[in-house]
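Written out below as structure tokens is the structure these notes cover.
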Amino acid sequence: MLGLDHWQETAYFALLDGPALGLDELVGRSGLEHDVLKGALTRLEDRGLISRLSGRPARWTALPPEHAIEVLLLARERDIRRVRALTQWLAEKHRKGRIGQDAAALIEVITGPEGVALCGQQLFNSAEREVRGIDAPPYAQAKDGSSVNSSANVASRGVRSRFIYGQDNLTLPGTIGRIEHDVSHGEEVRILPHAPMKIILSDDQAGLIPLVATPQVLDSCILVRPSALLDALSALFETLWQQAQQYVTGGVTDDGTADTDGTLTEDERRILSLLAVGLSDEAIARQLGIGLRTVQRRVQALLVRLGAGSRFQAGVLAAGRGWWRPPA
């Protein structure tokens, strides 16, 4: 609804048809966790949909929907105007970048799963300084079944590798294992709530993006050579990289060295890492191949050991003890 996520909608509807409620009452009515609910209430207040009443304990009430939603509509209209202005600016920049150049030399359409896989692998192999990308399914595979891979091709050559993953993709089977393998080979990984598109960038010389925005099968891509479009893709990646959360696979102290004092077991390190990027207990259980109740017991044990009242607080306290390093 007008840019609200699931948690904000749930909290708003819990307040819409009743009197002002306190936090504990809202938890019972909405079914949301305390930390999630607090964040949703803050964003609803910022959007002018609800109001926090004075007094203690704090209570919230829904504002008249006809006025609040009108404010949201006006904000959405301003966002649309800004996006249109940006689109016009990008189009003009792209047009000027192509003046006097052969368009066919700047953009090439790659078709067929084998062609896409080979092109992607060539981008990794040809990089001299850095490979960057946004990782999202589907994945290209060559005829022999091998997948396009980053870390195995760049680690031995001293090429920097940076990749962004969408949080929703972390629940796919095998994703966490692949990330941990790549990180162990020196790849830098960050997490966003949602990966907007799939990208591979090789230095500042080439980029590869799907021909279709949300492909079911990766059988066609656009190869982009140095141009205004490649500059825009590079700028998009860097903007998202700054916004994304760092993925940490194990305990790291403040000076960047591994925590080897036995404070955490390997399973506890992995659970803490997955908690930090927002995975649910069910998703953690699937990724680690252990039972849901086992995960729940270990999460609760971590909270108790840290003296934390929430998952977020657990991450803060663990960072303070040098058990892991939060994003810079």
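Just so we're on the same page: first chain in the structure tokens is A, next is B, and so on; residues restart at 1 for each chain, and ligands are numbered from 1 in the order they show up.
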Would you pick out the contacts of Gly28 in chain A at 12 Å or less, using only C-alpha atoms, so that residues sharing its chain but fewer than 4 positions from it are not included, and give the list as a PyMOL selection string? chain A and resi 10-11+14-15+21-24+32-34+37
For Leu49 in chain A, find every residue with an atom within 9 Å (counting only C-alpha atoms), except residues of its own chain fewer than 3 positions away, and show them as a CSV table (one decimal) with all heavy atoms, in the first residue's frame.
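As a result, out_13.csv now contains:
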chain,number,residue,atom,x,y,z
A,12,TYR,N,-0.1,-0.8,11.0
A,12,TYR,CA,-1.1,0.3,10.7
A,12,TYR,C,-2.5,-0.2,10.8
A,12,TYR,O,-3.4,0.4,11.5
A,12,TYR,CB,-0.9,0.8,9.3
A,12,TYR,CG,-1.8,1.9,8.9
A,12,TYR,CD1,-1.8,3.2,9.5
A,12,TYR,CD2,-2.8,1.7,7.9
A,12,TYR,CE1,-2.7,4.2,9.2
A,12,TYR,CE2,-3.7,2.7,7.6
A,12,TYR,CZ,-3.6,4.0,8.2
A,12,TYR,OH,-4.5,4.9,7.9
A,43,ARG,N,8.6,4.4,11.2
A,43,ARG,CA,8.4,4.8,9.8
A,43,ARG,C,6.9,5.3,9.5
A,43,ARG,O,6.7,6.2,8.7
A,43,ARG,CB,8.7,3.6,8.9
A,43,ARG,CG,10.3,3.3,8.9
A,43,ARG,CD,10.6,2.2,7.9
A,43,ARG,NE,10.2,0.9,8.3
A,43,ARG,CZ,11.0,0.1,9.1
A,43,ARG,NH1,12.1,0.6,9.5
A,43,ARG,NH2,10.5,-1.1,9.4
A,44,LEU,N,6.0,4.7,10.2
A,44,LEU,CA,4.6,5.1,10.0
A,44,LEU,C,4.4,6.5,10.6
A,44,LEU,O,3.7,7.4,10.0
A,44,LEU,CB,3.6,4.2,10.7
A,44,LEU,CG,3.4,2.8,10.1
A,44,LEU,CD1,2.7,1.9,11.0
A,44,LEU,CD2,2.7,2.9,8.8
A,45,GLU,N,5.1,6.8,11.7
A,45,GLU,CA,5.1,8.2,12.2
A,45,GLU,C,5.7,9.2,11.2
A,45,GLU,O,5.1,10.3,11.0
A,45,GLU,CB,5.8,8.2,13.5
A,45,GLU,CG,4.9,8.3,14.8
A,45,GLU,CD,5.8,8.6,16.0
A,45,GLU,OE1,6.6,7.7,16.4
A,45,GLU,OE2,5.6,9.7,16.6
A,46,ASP,N,6.8,8.8,10.7
A,46,ASP,CA,7.5,9.7,9.7
A,46,ASP,C,6.6,10.0,8.5
A,46,ASP,O,6.7,11.1,7.9
A,46,ASP,CB,8.8,9.0,9.2
A,46,ASP,CG,9.8,9.0,10.3
A,46,ASP,OD1,9.7,9.7,11.3
A,46,ASP,OD2,10.8,8.2,10.2
A,61,THR,N,-1.8,6.0,18.0
A,61,THR,CA,-3.1,6.0,17.4
A,61,THR,C,-3.0,6.3,15.9
A,61,THR,O,-2.1,7.0,15.5
A,61,THR,CB,-4.0,7.0,18.1
A,61,THR,OG1,-5.3,6.8,17.6
A,61,THR,CG2,-3.6,8.4,17.9
A,62,ALA,N,-3.9,5.7,15.1
A,62,ALA,CA,-4.0,6.0,13.7
A,62,ALA,C,-4.6,7.4,13.5
A,62,ALA,O,-5.6,7.7,14.1
A,62,ALA,CB,-4.8,4.9,13.0
A,63,LEU,N,-4.0,8.2,12.6
A,63,LEU,CA,-4.5,9.4,12.2
A,63,LEU,C,-5.6,9.2,11.1
A,63,LEU,O,-5.7,8.2,10.5
A,63,LEU,CB,-3.4,10.4,11.6
A,63,LEU,CG,-2.4,10.8,12.7
A,63,LEU,CD1,-1.2,11.5,12.1
A,63,LEU,CD2,-3.0,11.6,13.8
A,64,PRO,N,-6.5,10.2,10.9
A,64,PRO,CA,-7.5,10.1,9.9
A,64,PRO,C,-6.9,9.6,8.5
A,64,PRO,O,-6.1,10.3,8.0
A,64,PRO,CB,-8.2,11.5,9.8
A,64,PRO,CG,-7.9,12.0,11.1
A,64,PRO,CD,-6.6,11.5,11.6
A,65,PRO,N,-7.3,8.5,8.0
A,65,PRO,CA,-6.7,8.0,6.7
A,65,PRO,C,-6.8,8.9,5.6
A,65,PRO,O,-5.9,9.0,4.7
A,65,PRO,CB,-7.5,6.7,6.5
A,65,PRO,CG,-8.1,6.3,7.8
A,65,PRO,CD,-8.4,7.6,8.5
A,67,HIS,N,-6.6,12.1,5.3
A,67,HIS,CA,-5.5,13.1,5.3
A,67,HIS,C,-4.1,12.5,5.2
A,67,HIS,O,-3.3,12.9,4.4
A,67,HIS,CB,-5.6,13.9,6.6
A,67,HIS,CG,-6.9,14.6,6.8
A,67,HIS,ND1,-7.4,15.5,5.9
A,67,HIS,CD2,-7.8,14.6,7.8
A,67,HIS,CE1,-8.6,15.9,6.3
A,67,HIS,NE2,-8.8,15.4,7.5
A,68,ALA,N,-3.9,11.4,5.9
A,68,ALA,CA,-2.6,10.7,5.9
A,68,ALA,C,-2.2,10.2,4.6
A,68,ALA,O,-1.1,10.3,4.1
A,68,ALA,CB,-2.5,9.6,7.0
A,69,ILE,N,-3.2,9.5,3.9
A,69,ILE,CA,-2.9,8.9,2.6
A,69,ILE,C,-2.7,10.0,1.5
A,69,ILE,O,-1.9,9.8,0.6
A,69,ILE,CB,-4.1,7.9,2.2
A,69,ILE,CG1,-4.0,6.7,3.2
A,69,ILE,CG2,-3.9,7.5,0.8
A,69,ILE,CD1,-5.1,5.7,2.9
A,71,VAL,N,-1.2,12.7,2.0
A,71,VAL,CA,0.3,13.1,2.2
A,71,VAL,C,1.2,12.1,1.5
A,71,VAL,O,2.1,12.4,0.8
A,71,VAL,CB,0.6,13.2,3.7
A,71,VAL,CG1,2.1,13.4,3.9
A,71,VAL,CG2,-0.1,14.3,4.4
A,72,LEU,N,0.8,10.8,1.6
A,72,LEU,CA,1.6,9.7,1.0
A,72,LEU,C,1.5,9.9,-0.5
A,72,LEU,O,2.5,9.7,-1.2
A,72,LEU,CB,1.1,8.4,1.4
A,72,LEU,CG,1.5,7.9,2.8
A,72,LEU,CD1,1.0,6.5,3.0
A,72,LEU,CD2,3.0,7.9,3.0
Nearest-residue call for Leu218 in chain A, choices A:Leu4, A:Ala140, A:Val109, A:Ala314, using only C-alpha atoms: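 Looking only at the distances to Leu218 in chain A, the closest residue turns out to be A:Ala140.
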For CA of Leu170 in chain A and CA of Pro113 in chain A, quote the distance in Å rounded to one decimal.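 Those two atoms sit 23.6 Å apart.
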Find the distance between CA of Pro193 in chain A and CA of Gly166 in chain A and write it in Å to one decimal. 5.5 Å
Mind listing the strand (DSSP E or B) residues of range 153-320 of chain A, per DSSP on the backbone, as number ranges by chain? A: 160-166, 188-192, 199-202, 206-210, 220-224, 245-246, 252, 258
Between CA of Pro226 in chain A and CA of Glu92 in chain A, what is the spacing in Å?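 CA of Pro226 in chain A lies at a distance of 16.3 Å from CA of Glu92 in chain A.
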Near-Asp267 in chain A list (10 Å; only C-alpha atoms; drop same-chain fewer than 3 positions) as a PyMOL selection string: chain A and resi 250+264+270-273+288+295+298
Take the selection from the previous step and output its residues with N, CA, C and O atoms, as a PDB file, in the first residue's frame.
ATOM      1  N   GLY A 250      32.567 -14.937  10.302  1.00  0.00           N
ATOM      2  CA  GLY A 250      33.073 -15.458  11.567  1.00  0.00           C
ATOM      3  C   GLY A 250      33.426 -14.358  12.528  1.00  0.00           C
ATOM      4  O   GLY A 250      33.247 -13.191  12.273  1.00  0.00           O
ATOM      5  N   LEU A 264      33.030 -18.475  20.684  1.00  0.00           N
ATOM      6  CA  LEU A 264      31.905 -19.023  19.938  1.00  0.00           C
ATOM      7  C   LEU A 264      32.316 -20.297  19.219  1.00  0.00           C
ATOM      8  O   LEU A 264      33.454 -20.422  18.760  1.00  0.00           O
ATOM      9  N   ARG A 270      28.159 -18.813  12.646  1.00  0.00           N
ATOM     10  CA  ARG A 270      27.335 -18.769  11.432  1.00  0.00           C
ATOM     11  C   ARG A 270      25.922 -18.286  11.759  1.00  0.00           C
ATOM     12  O   ARG A 270      25.348 -17.500  11.013  1.00  0.00           O
ATOM     13  N   ILE A 271      25.377 -18.752  12.879  1.00  0.00           N
ATOM     14  CA  ILE A 271      24.043 -18.309  13.272  1.00  0.00           C
ATOM     15  C   ILE A 271      24.043 -16.809  13.536  1.00  0.00           C
ATOM     16  O   ILE A 271      23.142 -16.080  13.099  1.00  0.00           O
ATOM     17  N   LEU A 272      25.067 -16.307  14.228  1.00  0.00           N
ATOM     18  CA  LEU A 272      25.150 -14.876  14.514  1.00  0.00           C
ATOM     19  C   LEU A 272      25.258 -14.070  13.226  1.00  0.00           C
ATOM     20  O   LEU A 272      24.637 -13.011  13.078  1.00  0.00           O
ATOM     21  N   SER A 273      26.021 -14.560  12.250  1.00  0.00           N
ATOM     22  CA  SER A 273      26.145 -13.877  10.970  1.00  0.00           C
ATOM     23  C   SER A 273      24.806 -13.803  10.243  1.00  0.00           C
ATOM     24  O   SER A 273      24.446 -12.769   9.670  1.00  0.00           O
ATOM     25  N   LEU A 288      21.651 -23.973   7.193  1.00  0.00           N
ATOM     26  CA  LEU A 288      22.647 -24.734   7.942  1.00  0.00           C
ATOM     27  C   LEU A 288      22.354 -26.225   7.981  1.00  0.00           C
ATOM     28  O   LEU A 288      23.166 -27.007   8.465  1.00  0.00           O
ATOM     29  N   VAL A 295      17.945 -24.476  16.044  1.00  0.00           N
ATOM     30  CA  VAL A 295      18.295 -23.073  15.803  1.00  0.00           C
ATOM     31  C   VAL A 295      17.697 -22.181  16.882  1.00  0.00           C
ATOM     32  O   VAL A 295      18.363 -21.297  17.428  1.00  0.00           O
ATOM     33  N   ARG A 298      19.626 -22.426  20.054  1.00  0.00           N
ATOM     34  CA  ARG A 298      20.938 -21.792  19.999  1.00  0.00           C
ATOM     35  C   ARG A 298      20.825 -20.270  19.958  1.00  0.00           C
ATOM     36  O   ARG A 298      21.654 -19.564  20.547  1.00  0.00           O
TER      37      ARG A 298
END
I need the residue nearest Gln242 in chain A from this list: A:Val183, A:Ile191, A:Leu53, A:Leu302. Use only C-alpha atoms for the distance. A:Ile191
